[in-house]
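Text of the file data.csv, holding CSV, C-alpha atoms and all ligand atoms:
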```csv
chain,number,residue,atom,x,y,z
H,1,MET,CA,-121.8,-174.9,256.6
H,2,ASP,CA,-118.3,-173.8,255.5
H,3,MET,CA,-114.9,-174.4,256.8
H,4,ARG,CA,-113.1,-171.1,257.1
H,5,ALA,CA,-109.8,-170.8,258.9
H,6,PHE,CA,-108.7,-167.2,258.5
H,7,GLY,CA,-106.1,-165.6,260.7
H,8,LYS,CA,-102.6,-166.6,261.7
H,9,GLY,CA,-102.2,-170.2,262.7
H,10,PHE,CA,-105.8,-171.1,262.2
H,11,GLU,CA,-105.2,-173.2,259.1
H,12,ASP,CA,-102.5,-175.1,260.9
H,13,LEU,CA,-104.9,-175.8,263.8
H,14,TYR,CA,-107.5,-177.1,261.3
H,15,MET,CA,-105.0,-179.4,259.6
H,16,ARG,CA,-103.5,-180.6,262.9
H,17,SER,CA,-106.9,-181.3,264.5
H,18,LYS,CA,-107.8,-183.4,261.4
H,19,GLU,CA,-104.6,-185.4,261.8
H,20,GLU,CA,-105.5,-185.9,265.5
H,21,GLY,CA,-108.8,-187.4,264.5
H,22,VAL,CA,-111.3,-184.5,264.5
H,23,LYS,CA,-113.9,-185.2,261.8
H,24,TYR,CA,-115.3,-182.2,260.0
H,25,VAL,CA,-118.6,-182.5,258.2
H,26,ARG,CA,-119.9,-179.9,255.9
H,27,GLY,CA,-123.6,-180.1,256.5
H,28,ILE,CA,-126.8,-178.8,258.0
H,29,PRO,CA,-127.5,-180.1,261.5
H,30,GLY,CA,-131.1,-181.4,262.0
H,31,GLU,CA,-132.2,-183.1,265.2
H,32,VAL,CA,-130.4,-183.8,268.4
H,33,VAL,CA,-131.8,-186.5,270.7
H,34,GLU,CA,-130.5,-188.2,273.8
H,35,ASN,CA,-129.7,-191.9,273.5
H,36,PRO,CA,-131.8,-193.3,276.4
H,37,GLU,CA,-129.4,-196.3,277.0
H,38,LEU,CA,-126.0,-194.7,276.8
H,39,LYS,CA,-127.1,-191.2,277.8
H,40,ASN,CA,-125.1,-189.7,275.0
H,41,LEU,CA,-126.3,-187.6,272.0
H,42,ILE,CA,-127.5,-188.7,268.6
H,43,LEU,CA,-127.2,-186.0,266.0
H,44,THR,CA,-128.9,-186.2,262.6
H,45,VAL,CA,-127.2,-184.1,260.0
H,46,GLU,CA,-127.5,-183.6,256.2
H,47,ASN,CA,-124.0,-184.0,254.8
H,48,THR,CA,-124.0,-181.4,252.0
H,49,THR,CA,-120.9,-182.9,250.4
H,50,THR,CA,-122.3,-186.4,249.9
H,51,GLY,CA,-126.0,-185.3,249.9
H,52,LYS,CA,-126.8,-188.0,252.4
H,53,LEU,CA,-128.5,-188.0,255.8
H,54,GLU,CA,-126.2,-189.1,258.6
H,55,GLU,CA,-126.4,-190.0,262.2
H,56,HIS,CA,-123.6,-189.4,264.6
H,57,GLU,CA,-123.3,-190.5,268.2
H,58,LEU,CA,-121.6,-187.9,270.3
H,59,ASP,CA,-120.4,-187.4,273.9
H,60,MET,CA,-120.6,-183.7,273.6
H,61,LEU,CA,-122.1,-181.2,271.2
H,62,VAL,CA,-121.1,-177.6,271.0
H,63,LEU,CA,-123.3,-175.2,269.0
H,64,ALA,CA,-121.5,-172.2,267.5
H,65,GLN,CA,-124.1,-169.5,267.3
H,66,GLY,CA,-124.1,-166.1,265.7
H,67,VAL,CA,-123.0,-163.3,268.1
H,68,ILE,CA,-125.3,-160.4,268.8
H,69,PRO,CA,-124.6,-157.3,270.8
H,70,ARG,CA,-125.7,-157.1,274.5
H,71,ARG,CA,-129.4,-156.3,274.9
H,72,ASP,CA,-128.7,-153.7,277.5
H,73,GLY,CA,-126.1,-152.0,275.3
H,74,ASP,CA,-128.5,-149.1,274.5
H,75,GLN,CA,-128.0,-147.7,278.0
H,76,ILE,CA,-124.2,-147.3,277.6
H,77,LYS,CA,-124.7,-146.1,274.1
H,78,LYS,CA,-126.9,-143.2,275.3
H,79,LEU,CA,-124.7,-142.5,278.3
H,80,LEU,CA,-121.5,-142.1,276.2
H,81,THR,CA,-123.3,-140.8,273.0
H,82,LEU,CA,-122.0,-143.7,270.9
H,83,SER,CA,-123.1,-144.7,267.4
H,84,THR,CA,-123.8,-148.2,266.3
H,85,THR,CA,-123.6,-150.1,263.1
H,86,SER,CA,-126.8,-151.4,261.5
H,87,ASP,CA,-126.4,-154.7,263.4
H,88,GLY,CA,-126.1,-153.0,266.7
H,89,PHE,CA,-122.3,-153.1,267.5
H,90,ILE,CA,-120.5,-149.9,268.6
H,91,MET,CA,-119.0,-148.1,265.7
H,92,GLU,CA,-115.4,-146.9,265.6
H,93,SER,CA,-114.5,-143.4,264.6
H,94,HIS,CA,-112.7,-144.5,261.4
H,95,PRO,CA,-112.2,-148.1,260.3
H,96,LYS,CA,-108.6,-147.5,259.2
H,97,LEU,CA,-107.3,-144.4,260.9
H,98,LYS,CA,-109.1,-144.6,264.3
H,99,PRO,CA,-110.1,-148.3,264.7
H,100,VAL,CA,-110.3,-148.2,268.5
H,101,ASP,CA,-111.5,-144.7,269.0
H,102,ALA,CA,-115.2,-144.1,269.5
H,103,PRO,CA,-116.6,-140.9,267.9
H,104,THR,CA,-117.0,-139.5,271.4
H,105,LYS,CA,-113.6,-138.1,272.5
H,106,GLY,CA,-111.9,-140.1,275.3
H,107,VAL,CA,-113.9,-143.3,274.7
H,108,TYR,CA,-112.1,-146.3,273.3
H,109,ILE,CA,-113.5,-149.6,272.2
H,110,ALA,CA,-112.1,-153.2,272.3
H,111,GLY,CA,-113.5,-156.7,271.9
H,112,CYS,CA,-116.9,-157.9,270.9
H,113,VAL,CA,-118.6,-154.6,271.7
H,114,GLU,CA,-117.3,-153.5,268.3
H,115,SER,CA,-117.8,-156.7,266.3
H,116,PRO,CA,-117.6,-160.5,266.9
H,117,LYS,CA,-114.0,-161.4,267.3
H,118,ASP,CA,-111.8,-164.0,269.0
H,119,VAL,CA,-109.6,-163.6,272.1
H,120,LYS,CA,-106.4,-162.8,270.2
H,121,ASP,CA,-108.0,-159.9,268.3
H,122,SER,CA,-109.8,-158.7,271.4
H,123,VAL,CA,-106.5,-158.6,273.3
H,124,THR,CA,-104.7,-156.8,270.4
H,125,GLN,CA,-107.5,-154.3,270.2
H,126,ALA,CA,-107.6,-153.8,274.0
H,127,GLY,CA,-103.8,-153.1,274.0
H,128,ALA,CA,-104.3,-150.5,271.3
H,129,ALA,CA,-107.2,-148.9,273.2
H,130,ALA,CA,-105.1,-148.8,276.4
H,131,ALA,CA,-102.3,-147.1,274.5
H,132,ARG,CA,-104.7,-144.6,273.0
H,133,ALA,CA,-106.1,-143.8,276.4
H,134,SER,CA,-102.7,-143.4,277.9
H,135,ILE,CA,-101.8,-140.8,275.3
H,136,LEU,CA,-104.7,-138.8,276.5
H,137,LEU,CA,-104.0,-139.3,280.2
H,138,ASN,CA,-100.3,-138.5,279.9
H,139,ALA,CA,-100.8,-135.4,278.0
H,140,GLY,CA,-102.2,-133.8,281.1
H,141,GLN,CA,-104.4,-131.6,279.0
H,142,THR,CA,-106.9,-132.2,276.2
H,143,LYS,CA,-107.1,-130.7,272.8
H,144,ILE,CA,-110.6,-129.8,271.7
H,145,GLU,CA,-111.9,-129.9,268.2
H,146,ALA,CA,-111.2,-126.7,266.2
H,147,ILE,CA,-114.4,-127.1,264.2
H,148,THR,CA,-117.0,-126.4,266.9
H,149,SER,CA,-120.2,-124.3,267.1
H,150,HIS,CA,-120.5,-121.0,268.8
H,151,VAL,CA,-123.8,-119.3,270.0
H,152,VAL,CA,-124.6,-115.7,269.1
H,153,ALA,CA,-126.7,-115.0,272.1
H,154,GLU,CA,-128.3,-111.7,270.8
H,155,LYS,CA,-129.8,-113.5,267.8
H,156,CYS,CA,-131.3,-116.4,269.8
H,157,ASN,CA,-135.1,-116.6,270.1
H,158,PHE,CA,-134.9,-119.3,272.8
H,159,CYS,CA,-136.6,-122.0,270.7
H,160,GLY,CA,-134.2,-124.7,271.9
H,161,ILE,CA,-134.0,-126.6,268.6
H,162,CYS,CA,-130.2,-126.6,268.8
H,163,ALA,CA,-130.2,-128.6,272.0
H,164,GLN,CA,-132.6,-131.1,270.5
H,165,VAL,CA,-130.5,-131.7,267.4
H,166,CYS,CA,-127.1,-132.0,269.1
H,167,PRO,CA,-126.2,-135.7,269.0
H,168,TYR,CA,-123.6,-135.2,271.8
H,169,ASN,CA,-125.8,-133.4,274.3
H,170,ALA,CA,-123.2,-130.6,274.0
H,171,ILE,CA,-125.8,-127.8,274.2
H,172,ILE,CA,-127.6,-126.8,277.4
H,173,ALA,CA,-131.1,-125.7,276.3
H,174,PRO,CA,-132.0,-122.0,276.5
H,175,ASP,CA,-134.4,-120.8,279.1
H,176,ARG,CA,-137.2,-118.8,277.5
H,177,LYS,CA,-138.7,-117.4,280.7
H,178,ALA,CA,-135.3,-116.3,282.0
H,179,LYS,CA,-134.3,-115.2,278.5
H,180,LYS,CA,-131.1,-117.3,278.9
H,181,PRO,CA,-129.6,-118.3,275.6
H,182,PRO,CA,-128.2,-121.9,275.1
H,183,VAL,CA,-124.8,-122.8,276.5
H,184,LEU,CA,-122.5,-124.7,274.3
H,185,ILE,CA,-120.0,-127.1,276.0
H,186,GLN,CA,-117.1,-126.7,273.6
H,187,ALA,CA,-115.3,-129.8,274.9
H,188,ALA,CA,-118.3,-132.0,274.1
H,189,CYS,CA,-119.0,-130.5,270.6
H,190,ALA,CA,-117.8,-132.8,267.8
H,191,GLY,CA,-118.5,-130.3,265.0
H,192,CYS,CA,-121.2,-131.9,262.9
H,193,GLY,CA,-122.9,-128.5,262.4
H,194,ALA,CA,-126.5,-129.8,262.6
H,195,CYS,CA,-127.3,-127.1,265.2
H,196,ALA,CA,-126.1,-124.3,262.9
H,197,ALA,CA,-128.2,-125.8,260.0
H,198,GLU,CA,-131.3,-126.1,262.1
H,199,CYS,CA,-131.2,-122.7,263.8
H,200,ALA,CA,-133.6,-120.5,261.8
H,201,GLN,CA,-132.3,-117.4,263.5
H,202,ASP,CA,-128.6,-118.0,262.4
H,203,ALA,CA,-127.8,-117.8,266.1
H,204,ILE,CA,-125.2,-120.5,265.8
H,205,ILE,CA,-122.0,-120.2,264.0
H,206,MET,CA,-120.0,-123.2,262.8
H,207,ARG,CA,-116.3,-122.4,263.0
H,208,HIS,CA,-114.5,-123.2,259.7
H,209,PHE,CA,-117.8,-124.0,258.0
H,210,ARG,CA,-119.5,-120.7,258.5
H,211,ASP,CA,-122.5,-119.7,256.4
H,212,GLU,CA,-120.5,-117.0,254.6
H,213,GLN,CA,-117.7,-119.5,253.7
H,214,ILE,CA,-120.1,-122.0,252.2
H,215,THR,CA,-122.1,-119.4,250.4
H,216,ALA,CA,-118.9,-118.0,248.9
H,217,GLN,CA,-118.1,-121.5,247.5
H,218,ILE,CA,-121.6,-121.7,246.0
H,219,ASP,CA,-121.2,-118.3,244.4
H,220,ALA,CA,-117.7,-119.2,243.0
H,221,ILE,CA,-119.0,-122.5,241.5
H,222,LEU,CA,-122.0,-120.8,239.9
H,223,GLU,CA,-120.2,-117.6,238.8
H,224,VAL,CA,-119.6,-118.8,235.2
H,225,GLU,CA,-122.1,-120.9,233.2
H,226,PRO,CA,-124.1,-122.0,236.3
H,227,HIS,CA,-126.5,-124.1,234.1
H,228,LYS,CA,-123.6,-126.5,233.4
H,229,HIS,CA,-122.7,-127.4,236.9
H,230,LEU,CA,-124.0,-130.0,239.2
H,231,LEU,CA,-123.6,-128.6,242.7
H,232,THR,CA,-122.9,-131.3,245.3
H,233,PHE,CA,-122.7,-131.1,249.1
H,234,ALA,CA,-120.6,-134.0,250.3
H,235,CYS,CA,-119.9,-135.0,253.8
H,236,ASN,CA,-116.3,-135.3,254.7
H,237,TRP,CA,-116.3,-138.9,256.0
H,238,CYS,CA,-118.3,-140.8,253.5
H,239,SER,CA,-119.5,-139.1,250.3
H,240,TYR,CA,-116.4,-136.9,249.8
H,241,ALA,CA,-114.3,-140.0,250.4
H,242,GLY,CA,-116.5,-141.9,248.0
H,243,GLY,CA,-115.6,-139.3,245.4
H,244,ASP,CA,-112.0,-139.8,246.2
H,245,ASN,CA,-112.4,-143.5,245.9
H,246,ALA,CA,-113.9,-143.1,242.5
H,247,GLY,CA,-111.0,-141.0,241.5
H,248,THR,CA,-108.3,-143.3,242.7
H,249,ALA,CA,-110.0,-146.3,241.1
H,250,ARG,CA,-110.0,-144.2,237.9
H,251,LEU,CA,-113.8,-144.5,237.4
H,252,GLN,CA,-115.2,-142.2,234.8
H,253,TYR,CA,-117.8,-139.7,236.0
H,254,PRO,CA,-118.9,-136.3,234.5
H,255,THR,CA,-116.7,-133.4,235.0
H,256,THR,CA,-119.7,-131.1,235.6
H,257,CYS,CA,-119.9,-132.0,239.3
H,258,ARG,CA,-118.6,-129.5,241.8
H,259,LEU,CA,-118.2,-130.6,245.4
H,260,ILE,CA,-118.6,-128.5,248.5
H,261,ARG,CA,-117.3,-130.4,251.5
H,262,THR,CA,-119.1,-130.2,254.9
H,263,MET,CA,-118.1,-132.3,257.9
H,264,CYS,CA,-121.5,-133.9,258.0
H,265,SER,CA,-124.5,-133.8,255.7
H,266,GLY,CA,-126.3,-132.5,258.8
H,267,ARG,CA,-124.5,-129.1,258.2
H,268,VAL,CA,-126.3,-128.5,254.9
H,269,ASP,CA,-128.6,-125.7,255.7
H,270,ASP,CA,-131.9,-125.1,253.7
H,271,LYS,CA,-130.6,-121.7,252.8
H,272,PHE,CA,-127.5,-123.1,251.0
H,273,VAL,CA,-129.8,-125.1,248.7
H,274,ILE,CA,-132.2,-122.2,248.1
H,275,HIS,CA,-129.3,-119.9,247.5
H,276,ALA,CA,-127.8,-122.3,244.9
H,277,PHE,CA,-131.0,-122.4,243.0
H,278,ARG,CA,-131.4,-118.6,243.2
H,279,MET,CA,-127.9,-118.3,241.7
H,280,GLY,CA,-128.9,-120.5,238.8
H,281,ALA,CA,-127.9,-124.1,239.8
H,282,PRO,CA,-129.8,-126.5,237.6
H,283,MET,CA,-129.5,-129.4,240.1
H,284,VAL,CA,-128.3,-129.8,243.7
H,285,LEU,CA,-127.2,-133.0,245.3
H,286,VAL,CA,-126.9,-133.5,249.0
H,287,SER,CA,-125.0,-136.6,249.9
H,288,GLY,CA,-124.0,-138.1,253.2
H,289,CYS,CA,-123.2,-141.3,255.0
H,290,HIS,CA,-125.7,-144.2,255.2
H,291,PHE,CA,-127.8,-143.8,258.3
H,292,SER,CA,-125.9,-146.2,260.5
H,293,ASP,CA,-122.5,-144.8,259.3
H,294,CYS,CA,-122.9,-141.1,260.2
H,295,HIS,CA,-119.8,-140.1,262.1
H,296,TYR,CA,-121.8,-137.8,264.3
H,297,ILE,CA,-124.2,-140.4,265.8
H,298,ASP,CA,-127.6,-139.5,264.3
H,299,ALA,CA,-126.9,-136.1,262.8
H,300,VAL,CA,-127.7,-137.6,259.4
H,301,HIS,CA,-131.4,-138.1,260.5
H,302,TRP,CA,-131.7,-134.3,260.5
H,303,THR,CA,-130.4,-134.2,257.0
H,304,GLN,CA,-133.3,-136.4,255.9
H,305,LYS,CA,-135.8,-134.3,257.8
H,306,ARG,CA,-134.5,-131.1,256.4
H,307,MET,CA,-134.6,-132.5,252.8
H,308,ASP,CA,-138.2,-133.6,253.3
H,309,ARG,CA,-139.0,-130.1,254.4
H,310,LEU,CA,-137.1,-128.6,251.5
H,311,TRP,CA,-138.8,-130.7,248.8
H,312,THR,CA,-142.2,-129.4,250.0
H,313,LYS,CA,-140.9,-125.9,250.1
H,314,LEU,CA,-139.5,-126.1,246.6
H,315,GLU,CA,-142.8,-127.4,245.3
H,316,LYS,CA,-144.6,-124.4,246.8
H,317,LEU,CA,-142.0,-122.1,245.2
H,318,GLU,CA,-142.6,-123.7,241.8
H,319,VAL,CA,-139.2,-125.4,241.7
H,320,ARG,CA,-139.3,-129.0,240.5
H,321,PRO,CA,-138.4,-130.9,243.7
H,322,ASP,CA,-136.5,-133.6,241.7
H,323,ARG,CA,-133.9,-130.9,241.0
H,324,LEU,CA,-132.8,-131.5,244.6
H,325,ARG,CA,-131.4,-135.0,245.2
H,326,LEU,CA,-130.4,-136.8,248.3
H,327,GLU,CA,-128.0,-139.8,248.1
H,328,TRP,CA,-126.2,-141.8,250.8
H,329,ILE,CA,-122.7,-142.8,249.6
H,330,SER,CA,-120.1,-144.5,251.7
H,331,ALA,CA,-116.4,-144.0,251.5
H,332,ALA,CA,-116.1,-147.4,249.9
H,333,GLU,CA,-118.7,-146.7,247.3
H,334,GLY,CA,-116.7,-145.1,244.5
H,335,GLN,CA,-118.7,-147.0,242.0
H,336,LYS,CA,-121.9,-145.6,243.4
H,337,PHE,CA,-120.5,-142.1,243.5
H,338,ALA,CA,-119.7,-142.3,239.8
H,339,LYS,CA,-123.0,-143.9,239.0
H,340,VAL,CA,-125.0,-141.2,240.8
H,341,MET,CA,-123.0,-138.5,239.0
H,342,ARG,CA,-123.7,-140.1,235.6
H,343,GLU,CA,-127.4,-140.3,236.5
H,344,LEU,CA,-127.5,-136.7,237.6
H,345,GLU,CA,-125.8,-135.5,234.5
H,346,LYS,CA,-128.7,-137.0,232.5
H,347,ALA,CA,-131.2,-135.4,234.8
H,348,LEU,CA,-129.3,-132.1,234.5
H,349,ALA,CA,-129.9,-132.2,230.7
H,350,THR,CA,-133.7,-132.1,231.3
H,351,VAL,CA,-133.5,-128.7,233.1
H,352,THR,CA,-134.0,-125.9,230.5
H,353,THR,CA,-132.6,-122.4,230.6
H,354,ASP,CA,-136.2,-121.1,230.9
H,355,GLU,CA,-136.8,-123.2,233.9
H,356,ILE,CA,-133.6,-122.1,235.6
H,357,GLU,CA,-134.4,-118.4,234.9
H,358,HIS,CA,-137.9,-118.8,236.2
H,359,THR,CA,-136.6,-120.4,239.4
H,360,MET,CA,-134.0,-117.6,239.8
H,361,LYS,CA,-136.8,-115.0,239.5
H,362,VAL,CA,-139.2,-116.6,241.9
H,363,LEU,CA,-136.5,-117.2,244.5
H,364,ALA,CA,-135.1,-113.6,244.1
H,365,GLU,CA,-138.6,-112.2,244.8
H,366,GLU,CA,-139.0,-114.5,247.7
H,367,GLU,CA,-135.7,-113.3,249.1
H,368,THR,CA,-136.7,-109.6,248.7
H,369,LYS,CA,-139.9,-110.3,250.6
H,370,ARG,CA,-137.9,-112.0,253.4
H,371,GLU,CA,-135.4,-109.1,253.6
H,372,GLU,CA,-138.3,-106.6,253.8
H,373,LYS,CA,-139.9,-108.6,256.6
H,374,ILE,CA,-136.7,-108.6,258.6
H,375,ALA,CA,-136.2,-104.9,258.0
H,376,LYS,CA,-139.7,-104.2,259.2
H,377,ARG,CA,-139.1,-106.3,262.3
H,378,THR,CA,-135.8,-104.5,263.0
H,379,VAL,CA,-137.5,-101.1,262.7
H,380,GLY,CA,-140.3,-102.3,265.0
H,381,VAL,CA,-137.7,-103.4,267.6
H,382,GLY,CA,-135.8,-100.1,267.2
H,383,ALA,CA,-139.0,-98.0,267.7
T,401,LIG,FE1,-121.5,-138.2,256.9
T,401,LIG,FE2,-122.9,-137.3,259.1
T,401,LIG,S1,-120.8,-137.7,258.9
T,401,LIG,S2,-123.6,-137.7,257.0
```

Translate the structure described by the file into structure tokens.
Amino acid sequence: MDMRAFGKGFEDLYMRSKEEGVKYVRGIPGEVVENPELKNLILTVENTTTGKLEEHELDMLVLAQGVIPRRDGDQIKKLLTLSTTSDGFIMESHPKLKPVDAPTKGVYIAGCVESPKDVKDSVTQAGAAAARASILLNAGQTKIEAITSHVVAEKCNFCGICAQVCPYNAIIAPDRKAKKPPVLIQAACAGCGACAAECAQDAIIMRHFRDEQITAQIDAILEVEPHKHLLTFACNWCSYAGGDNAGTARLQYPTTCRLIRTMCSGRVDDKFVIHAFRMGAPMVLVSGCHFSDCHYIDAVHWTQKRMDRLWTKLEKLEVRPDRLRLEWISAAEGQKFAKVMRELEKALATVTTDEIEHTMKVLAEEETKREEKIAKRTVGVGA
């Protein structure tokens, strides 16, 4: 359909082959039949340059098809806890900074497993992957992620949700009967924080993104004139970078937005959102990577589930659910980031002071009830 000769030396090859007698036809191939006498092939093609139907007699016909990932790729994906792009190829950790690293530590990717590519690119990538692997092997020791989760055993009620949400299978599920809390394999934890956000008992602490640290940021943002601020939770890899992209491209967006960075949108706990509304936030935005781009495999699916739960909860608590928004913004979507911010500023103008005060009152009462319940339970346990 189109002649494209990208890459070093490809244009030369195209020109040289033409000089040697290769005939290129821009067209749509139709039928291929065997010539019964000569036993060669007759190809019917619509020449889209001339608009005519042509017949070509050929000795050999090579069909260049689209490349799709291997059908049995799911097995290896599960085994190594890898993520894939929407078209099923293995996703790299970062397209520019870690192009041959898989999100799972110690796994490197090269060749068509990552995307369709030619031999030269595959060899180049394989060389880079081997070099990256040798760094790890030669070090003789491995550095683990500083941002990892940590289980507070005494708070655990053995529900096991943490083990279910972990995209890296880094948590060994608790044993309710034996009263054994979950065990977190630090070396396997990548630090998305989904377990900490899902644990209703606060029995998981996310190092460097602890509840107290995030709550302190919310409080600081909403300390003065909270009704004027658009509180945004942005994931480190996509939405936050999308905001950066908007900035470097000098795109205009409202100055009312205040960003709180989390490593993954999966870290955004219900209680952060509720706390923000209780402190007077008119609007809250949770933003993360598009589903297939989450850097922590499928942690972003938990963001969606949690938000669905939260919208229902907010409605019950008489808080307009559309005051909580969810947007998927990639690192390259500076334009989208700016557009979302502009739209949200318009929505922010529809939230009245009375509405904010009512929300604050309702949520404060709800919090008091919750604290009383906990206190009663504690007394019960003590007695
Ligand atoms: Fe962006 Fe998970 S890393 S949503």

- Select the residues contacting ligand LIG 401 (chain T) at a distance of at most 7 Å, based on only C-alpha atoms and all ligand atoms, then format the selection as a count of residues only. 17

Contact check, region 220-302 of chain H to region 317-322 of chain H, at most 12 Å, counting all atoms listed in the file, closest pairs as JSON lines:
```
{"residue": "H:Val273", "atom": "CA", "partner": "H:Pro321", "partner_atom": "CA", "distance": 11.5}
{"residue": "H:Ile274", "atom": "CA", "partner": "H:Val319", "partner_atom": "CA", "distance": 10.0}
{"residue": "H:Phe277", "atom": "CA", "partner": "H:Val319", "partner_atom": "CA", "distance": 8.8}
{"residue": "H:Arg278", "atom": "CA", "partner": "H:Val319", "partner_atom": "CA", "distance": 10.5}
{"residue": "H:Gly280", "atom": "CA", "partner": "H:Val319", "partner_atom": "CA", "distance": 11.8}
{"residue": "H:Ala281", "atom": "CA", "partner": "H:Val319", "partner_atom": "CA", "distance": 11.5}
{"residue": "H:Pro282", "atom": "CA", "partner": "H:Arg320", "partner_atom": "CA", "distance": 10.2}
{"residue": "H:Met283", "atom": "CA", "partner": "H:Asp322", "partner_atom": "CA", "distance": 8.3}
{"residue": "H:Val284", "atom": "CA", "partner": "H:Asp322", "partner_atom": "CA", "distance": 9.3}
{"residue": "H:Leu285", "atom": "CA", "partner": "H:Asp322", "partner_atom": "CA", "distance": 10.0}
```

- Query: When distances are computed from all atoms listed in the file, which of H:Val183, H:Ala139, H:Ala216, H:Ala146 shows the smallest separation from Phe158 (chain H)?
  - Reply: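 Comparing H:Val183, H:Ala139, H:Ala216, H:Ala146 against Phe158 (chain H), the winner is H:Val183.
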
- Note on the structure: Expressed in Å, the length from CA of Phe209 (chain H) to CA of Ile147 (chain H) is 7.7 Å

- Might you pull out every residue within 12 Å of Lys52 (chain H), with all atoms listed in the file counted and same-chain residues fewer than 3 positions away left off, and present them as a PyMOL selection string? chain H and resi 25-28+44-49+55

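In this structure, CA of Leu184 (chain H) sits 13.8 Å away from CA of Cys199 (chain H).
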
- Message: Which residue is closest to Ala234 (chain H)? Choose from H:Gln164, H:Ser17, H:Gln141, H:Ser287 and count only C-alpha atoms.
- Response: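 Once distances to Ala234 (chain H) are computed over only C-alpha atoms, the minimum belongs to H:Ser287.
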
- Item | Between CA of Glu31 (chain H) and CA of Val62 (chain H) - distance in Å to one decimal |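 Result for CA of Val62 (chain H) versus CA of Glu31 (chain H): 13.7 Å, one decimal.
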
- Message: Given the point (-125.8, -118.6, 246.4) in the coordinates of this file, which residues lie within 12 Å, counting all atoms listed in the file, and how would they look as a ChimeraX atom specification?
- Response: /H:211-223,226,231,270-281,284,360,363-364,367

- Task: Using only C-alpha atoms, collect all residues at a distance of at most 6 Å from (-128.1, -130.1, 251.4) as written in the file, then present them as a PyMOL selection string.
- Result: chain H and resi 233+268+273+286

- Have a look at H:Ala190, H:Ile185, H:Leu314, H:Ile204 and name the one nearest to Gly160 (chain H); count only C-alpha atoms.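 Of H:Ala190, H:Ile185, H:Leu314, H:Ile204, the one nearest Gly160 (chain H), counting only C-alpha atoms, is H:Ile204.
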
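Each of H:Val362, H:Ala375, H:Ala5, H:Cys156 was compared to Arg176 (chain H) using only C-alpha atoms, and H:Cys156 turns out to be the nearest.
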
- Residue among H:Met91, H:Cys195, H:Cys189, H:Leu61 lying closest to Glu145 (chain H), counting only C-alpha atoms: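 Among the listed residues, the smallest separation from Glu145 (chain H) belongs to H:Cys189.
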
- Query: Got a sec: who's within 9 Å of Leu41 (chain H), counting all atoms listed in the file, leaving out chain neighbours fewer than 5 positions off, as an MDAnalysis selection string?
  - Reply: chainID H and resid 32:35 56:61

- Item | Minimum-distance residue to Ala102 (chain H), chosen among H:His358, H:Lys8, H:Lys305, H:Lys77 (using all atoms listed in the file) |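 For Ala102 (chain H), the nearest of the candidates is H:Lys77.
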